[in-house]
>>> print(open('final_5.cif').read())   # mmCIF, C-alpha atoms
data_query
#
loop_
_atom_site.label_atom_id
_atom_site.label_comp_id
_atom_site.auth_asym_id
_atom_site.auth_seq_id
_atom_site.Cartn_x
_atom_site.Cartn_y
_atom_site.Cartn_z
CA MET A 217 -65.71 -1.96 -27.64
CA ARG A 218 -65.13 -3.03 -31.25
CA LYS A 219 -65.02 0.63 -32.36
CA ALA A 220 -62.47 1.41 -29.65
CA LEU A 221 -60.26 -1.45 -30.74
CA THR A 222 -60.55 -0.34 -34.36
CA LEU A 223 -59.34 3.15 -33.44
CA LEU A 224 -56.21 1.95 -31.66
CA PRO A 225 -54.12 1.22 -34.81
CA VAL A 226 -55.20 4.55 -36.29
CA LEU A 227 -54.11 6.44 -33.18
CA ALA A 228 -50.84 4.57 -33.13
CA LEU A 229 -50.11 5.51 -36.75
CA THR A 230 -51.07 9.10 -36.05
CA GLY A 231 -48.65 9.21 -33.14
CA CYS A 232 -45.83 7.93 -35.37
CA ALA A 233 -46.58 10.50 -37.99
CA ASN A 234 -46.42 13.35 -35.52
CA SER A 235 -43.15 12.24 -33.90
CA ASP A 236 -39.83 13.83 -34.69
CA PRO A 237 -38.59 12.47 -38.07
CA VAL A 238 -34.98 13.13 -37.06
CA MET A 239 -35.34 10.71 -34.16
CA HIS A 240 -36.61 7.98 -36.49
CA ARG A 241 -33.88 8.55 -39.05
CA SER A 242 -31.31 7.95 -36.33
CA TYR A 243 -32.53 4.37 -35.96
CA PHE A 244 -32.00 3.59 -39.62
CA GLY A 245 -28.76 5.45 -40.34
CA GLU A 246 -25.69 3.83 -41.85
CA ALA A 247 -23.69 1.71 -39.40
CA GLY A 248 -21.03 3.88 -37.82
CA ALA A 249 -22.73 7.12 -38.78
CA LEU A 250 -23.29 8.00 -35.13
CA VAL A 251 -20.18 8.20 -32.98
CA ASP A 252 -20.06 8.40 -29.22
CA GLY A 253 -18.60 11.75 -28.24
CA GLY A 254 -17.02 10.45 -25.09
CA ASN A 255 -20.09 10.06 -22.86
CA PHE A 256 -19.54 6.32 -22.56
CA GLY A 257 -15.84 6.84 -22.00
CA ASN A 258 -13.07 8.90 -23.49
CA ALA A 259 -11.35 5.72 -24.66
CA VAL A 260 -14.21 5.12 -27.14
CA MET A 261 -13.74 8.51 -28.73
CA GLN A 262 -9.97 8.23 -28.71
CA ASN A 263 -10.08 4.80 -30.33
CA THR A 264 -12.17 6.22 -33.17
CA GLN A 265 -9.72 9.07 -33.62
CA VAL A 266 -6.78 6.69 -33.78
CA MET A 267 -8.44 4.33 -36.25
CA THR A 268 -9.35 7.23 -38.54
CA GLY A 269 -5.85 8.67 -38.38
CA GLU A 270 -6.85 11.69 -36.29
CA ARG A 271 -4.50 10.84 -33.46
CA SER A 272 -1.39 8.80 -32.96
CA TYR A 273 -1.89 6.71 -29.85
CA VAL A 274 1.83 6.77 -29.17
CA TYR A 275 1.85 10.55 -29.39
CA ASP A 276 -1.12 10.72 -27.06
CA LEU A 277 0.57 8.45 -24.52
CA SER A 278 3.76 10.49 -24.77
CA ASN A 279 1.91 13.66 -23.87
CA ARG A 280 0.08 11.92 -21.05
CA PHE A 281 3.32 10.53 -19.63
CA ALA A 282 4.99 13.95 -19.75
CA ASN A 283 1.99 15.61 -18.10
CA GLU A 284 1.53 13.10 -15.29
CA VAL A 285 5.10 12.38 -14.18
CA LEU A 286 8.50 14.06 -14.30
CA THR A 287 10.37 12.65 -17.28
CA THR A 288 13.80 14.10 -16.43
CA VAL A 289 16.32 13.28 -13.70
CA ASN A 290 19.57 15.16 -13.09
CA PHE A 291 23.05 14.07 -12.04
CA ALA A 292 26.04 15.38 -10.15
CA PHE A 293 29.07 16.47 -12.16
CA ASN A 294 30.89 13.60 -13.88
CA SER A 295 28.58 11.04 -12.24
CA ASP A 296 26.03 8.44 -13.22
CA VAL A 297 24.85 7.86 -9.63
CA LEU A 298 21.15 8.37 -8.91
CA ASP A 299 20.54 10.67 -5.94
CA ALA A 300 17.46 10.57 -3.71
CA GLY A 301 15.52 13.01 -5.88
CA ALA A 302 16.26 11.02 -9.02
CA ARG A 303 15.16 7.78 -7.35
CA ASP A 304 11.87 9.36 -6.25
CA THR A 305 11.19 10.54 -9.80
CA LEU A 306 12.03 7.15 -11.29
CA SER A 307 9.78 5.38 -8.78
CA GLU A 308 6.90 7.53 -10.07
CA GLN A 309 7.88 6.73 -13.66
CA ALA A 310 7.91 2.99 -12.88
CA ALA A 311 4.43 3.16 -11.31
CA TRP A 312 3.11 4.92 -14.44
CA ILE A 313 4.85 2.56 -16.85
CA ARG A 314 3.39 -0.51 -15.12
CA GLN A 315 -0.08 0.67 -16.17
CA PHE A 316 0.81 0.10 -19.84
CA PRO A 317 2.61 -3.25 -20.28
CA GLU A 318 2.18 -2.97 -24.06
CA VAL A 319 4.29 0.17 -24.38
CA ARG A 320 8.04 0.62 -24.86
CA PHE A 321 10.19 3.47 -23.56
CA LYS A 322 13.54 5.02 -24.44
CA VAL A 323 15.89 6.71 -22.01
CA TYR A 324 18.06 9.48 -23.48
CA GLY A 325 21.31 10.39 -21.71
CA HIS A 326 22.85 13.86 -21.70
CA ALA A 327 25.93 15.60 -20.29
CA ASP A 328 27.09 19.18 -19.89
CA LEU A 329 29.81 20.66 -22.10
CA VAL A 330 32.75 20.14 -19.77
CA GLY A 331 35.08 17.48 -21.20
CA SER A 332 35.49 15.91 -24.61
CA SER A 333 32.56 15.04 -26.85
CA ALA A 334 33.45 11.33 -26.84
CA TYR A 335 33.70 11.19 -23.05
CA ASN A 336 30.39 12.98 -22.58
CA LYS A 337 28.63 10.71 -25.03
CA ASN A 338 29.81 7.71 -23.02
CA LEU A 339 28.80 9.42 -19.79
CA GLY A 340 25.32 10.12 -21.14
CA LEU A 341 24.95 6.44 -22.03
CA ARG A 342 26.02 5.37 -18.54
CA ARG A 343 23.40 7.64 -17.07
CA ALA A 344 20.71 6.21 -19.32
CA ARG A 345 21.71 2.69 -18.32
CA ALA A 346 21.59 3.64 -14.63
CA VAL A 347 17.98 4.76 -15.13
CA VAL A 348 17.07 1.54 -16.94
CA ASP A 349 18.64 -0.53 -14.16
CA TYR A 350 16.58 1.33 -11.58
CA LEU A 351 13.32 0.93 -13.51
CA THR A 352 13.91 -2.80 -14.00
CA SER A 353 14.53 -3.15 -10.27
CA HIS A 354 11.01 -1.77 -9.82
CA GLY A 355 9.25 -4.34 -11.96
CA ILE A 356 9.65 -3.01 -15.50
CA SER A 357 10.79 -5.57 -18.07
CA ARG A 358 14.18 -4.67 -19.54
CA ALA A 359 12.84 -5.71 -22.94
CA ARG A 360 10.56 -2.67 -22.83
CA LEU A 361 13.36 -0.19 -22.07
CA GLU A 362 16.10 1.13 -24.33
CA ALA A 363 19.17 2.94 -23.03
CA VAL A 364 21.00 2.95 -26.33
CA VAL A 365 20.62 6.66 -27.05
CA SER A 366 23.12 9.22 -25.76
CA PHE A 367 23.26 12.78 -26.99
CA GLY A 368 26.23 13.54 -24.78
CA GLU A 369 26.79 17.29 -24.87
CA ALA A 370 24.99 17.78 -28.19
CA GLN A 371 21.62 18.96 -26.83
CA PRO A 372 22.16 21.20 -23.80
CA LEU A 373 19.18 22.87 -22.16
CA ILE A 374 21.45 25.72 -21.09
CA VAL A 375 24.15 26.73 -23.55
CA THR A 376 27.28 27.19 -21.49
CA GLN A 377 30.80 25.79 -21.55
CA GLY A 378 30.82 25.49 -17.76
CA ARG A 379 29.24 23.05 -15.38
CA GLU A 380 25.44 23.05 -15.56
CA ARG A 381 23.31 20.56 -13.61
CA ARG A 382 20.28 20.99 -15.86
CA ASN A 383 22.33 19.68 -18.79
CA ARG A 384 23.41 16.58 -16.85
CA ARG A 385 20.21 14.62 -17.23
CA THR A 386 18.28 11.69 -18.63
CA VAL A 387 14.89 11.94 -20.30
CA THR A 388 12.42 9.03 -20.43
CA GLU A 389 9.99 8.99 -23.37
CA VAL A 390 7.37 6.72 -24.89
CA SER A 391 8.89 5.12 -27.97
CA GLY A 392 6.19 2.78 -29.29
CA PHE A 393 4.47 -0.52 -28.71
CA VAL A 394 6.07 -3.81 -27.83
CA LYS A 395 5.32 -5.45 -31.16
CA SER A 396 4.60 -4.15 -34.62
CA HIS A 397 2.23 -1.32 -35.44
CA PRO A 398 -0.34 -0.43 -32.75
CA ILE A 399 -3.26 -1.35 -34.98
CA ILE A 400 -2.04 -4.89 -35.79
CA MET A 401 0.22 -5.90 -32.93
CA ASP A 402 -1.32 -9.21 -31.88
CA GLY A 403 -4.21 -7.54 -30.10
CA LYS A 404 -1.98 -5.41 -27.83
CA TYR A 405 -3.54 -2.18 -29.07
CA ALA A 406 -7.02 -3.61 -28.57
CA GLU A 407 -6.09 -4.58 -25.00
CA VAL A 408 -5.08 -1.00 -24.18
CA VAL A 409 -8.29 0.45 -25.61
CA TYR A 410 -10.46 -2.20 -23.93
CA ARG A 411 -8.86 -1.62 -20.54
CA GLU A 412 -9.16 2.16 -20.85
CA THR A 413 -12.77 1.86 -22.02
CA ILE A 414 -13.87 -0.34 -19.14
CA THR A 415 -12.10 1.89 -16.61
CA SER A 416 -13.64 5.10 -17.95
CA ALA A 417 -17.14 3.59 -18.29
CA ALA A 418 -17.36 2.23 -14.75
CA PRO A 419 -19.61 4.51 -12.67
CA ALA A 420 -18.08 5.87 -9.49
CA SER A 421 -19.66 4.56 -6.33
CA THR A 422 -21.68 7.18 -4.47
CA ILE A 423 -22.71 5.04 -1.50
CA VAL A 424 -21.22 5.72 1.90
CA MET A 425 -21.93 4.01 5.19
CA ALA A 426 -23.29 6.22 7.95
CA PRO A 427 -22.12 5.59 11.52
CA THR A 428 -25.53 4.13 12.42
CA GLY A 429 -25.21 1.49 9.74
CA SER A 430 -27.69 3.12 7.35
CA THR A 431 -26.80 3.64 3.69
CA VAL A 432 -26.60 7.17 2.36
CA GLY A 433 -26.36 8.07 -1.32
CA SER A 434 -25.05 11.34 -2.71
CA GLU A 435 -27.22 13.23 -5.13
#
>>> encode(input="final_5.cif", output="structure tokens")
Amino acid sequence: MRKALTLLPVLALTGCANSDPVMHRSYFGEAGALVDGGNFGNAVMQNTQVMTGERSYVYDLSNRFANEVLTTVNFAFNSDVLDAGARDTLSEQAAWIRQFPEVRFKVYGHADLVGSSAYNKNLGLRRARAVVDYLTSHGISRARLEAVVSFGEAQPLIVTQGRERRNRRTVTEVSGFVKSHPIIMDGKYAEVVYRETITSAAPASTIVMAPTGSTVGSE
């Protein structure tokens, strides 16, 4: 028995010597040397990229906003009235915006080339304000929305001197965070990352209830 007990430490040391040295080095690497590649949650990887200057979080949110909702609404000639299609689009924008209470948005107004430049600039501003009014009526704080930008007829999508509905539009865009720089804005940036991290890390439930009352799990 004593010989067997004596051999145990030797066998343990032998096992350590034969194990993969790379695996052991990973336990003693410099703090931060190993970075999660997104398995825990994409927010972890994205946070690292932002902190190292690889990605602007505002730019990333702008792309996400543009990909997930329509950012443009159109208007009738010489009008700032929102039609049914515009209201549907803005309702979707409001639902998206409510997910990110730390983020600010700008609404840009545009007009077609019919009429004077000064009149069209004013018309573009009225359209932008109509959009802001609608978004605030759907729970978005006015402090987070800016309707101060009107390009009037200066940036047409379709270059024509005649009436063109596609030029009569507003565009909603992410403009920044509510306060200061995203890295130091009273914890607002940290709140976004934390919320996104927890959401992405939560495992999806795979349990469903069978009609008999038994529990069935998907593989």
>>> atom_distance(input="final_5.cif", atom1="atom CA of A:Gly301", atom2="atom CA of A:Leu361")
21.0 Å
>>> residues_around(input="final_5.cif", residues="stretch 365-377 of chain A", least_positions_apart="4", cutoff="12 Å", atoms="all atoms listed in the file", output="ChimeraX atom specification")
/A:288,290,294,321-345,348,361,381-389,391
>>> closest_residue(input="final_5.cif", among="A:Asp349, A:Glu362, A:Glu318, A:Glu380", to="A:Val394", atoms="only C-alpha atoms")
A:Glu318
>>> atom_distance(input="final_5.cif", atom1="atom CA of A:Ser307", atom2="atom CA of A:Tyr273")
24.1 Å
>>> residues_around(input="final_5.cif", residues="A:Val390", least_positions_apart="4", cutoff="8 Å", atoms="only C-alpha atoms", output="MDAnalysis selection string")
chainID A and resid 274 277:278 281 319:322
>>> write_last_selection(input="final_5.cif", atoms="C-alpha atoms", output="PDB file, in the frame of the given file")
ATOM      1  CA  VAL A 274       1.830   6.770 -29.170  1.00  0.00           C
ATOM      2  CA  LEU A 277       0.570   8.450 -24.520  1.00  0.00           C
ATOM      3  CA  SER A 278       3.760  10.490 -24.770  1.00  0.00           C
ATOM      4  CA  PHE A 281       3.320  10.530 -19.630  1.00  0.00           C
ATOM      5  CA  VAL A 319       4.290   0.170 -24.380  1.00  0.00           C
ATOM      6  CA  ARG A 320       8.040   0.620 -24.860  1.00  0.00           C
ATOM      7  CA  PHE A 321      10.190   3.470 -23.560  1.00  0.00           C
ATOM      8  CA  LYS A 322      13.540   5.020 -24.440  1.00  0.00           C
TER       9      LYS A 322
END
>>> atom_distance(input="final_5.cif", atom1="atom CA of A:Arg303", atom2="atom CA of A:Thr287")
12.1 Å
>>> residues_around(input="final_5.cif", residues="A:Ala346", least_positions_apart="5", cutoff="9 Å", atoms="all atoms listed in the file", output="list of chain:residue names")
A:Asp296, A:Val297, A:Leu298, A:Leu341, A:Leu351, A:Ala363
>>> write_last_selection(input="final_5.cif", atoms="C-alpha atoms", output="mmCIF file, in the coordinates of the input")
data_model
loop_
_atom_site.group_PDB
_atom_site.id
_atom_site.type_symbol
_atom_site.label_atom_id
_atom_site.label_comp_id
_atom_site.auth_asym_id
_atom_site.auth_seq_id
_atom_site.Cartn_x
_atom_site.Cartn_y
_atom_site.Cartn_z
ATOM 1 C CA ASP A 296 26.030 8.440 -13.220
ATOM 2 C CA VAL A 297 24.850 7.860 -9.630
ATOM 3 C CA LEU A 298 21.150 8.370 -8.910
ATOM 4 C CA LEU A 341 24.950 6.440 -22.030
ATOM 5 C CA LEU A 351 13.320 0.930 -13.510
ATOM 6 C CA ALA A 363 19.170 2.940 -23.030
#
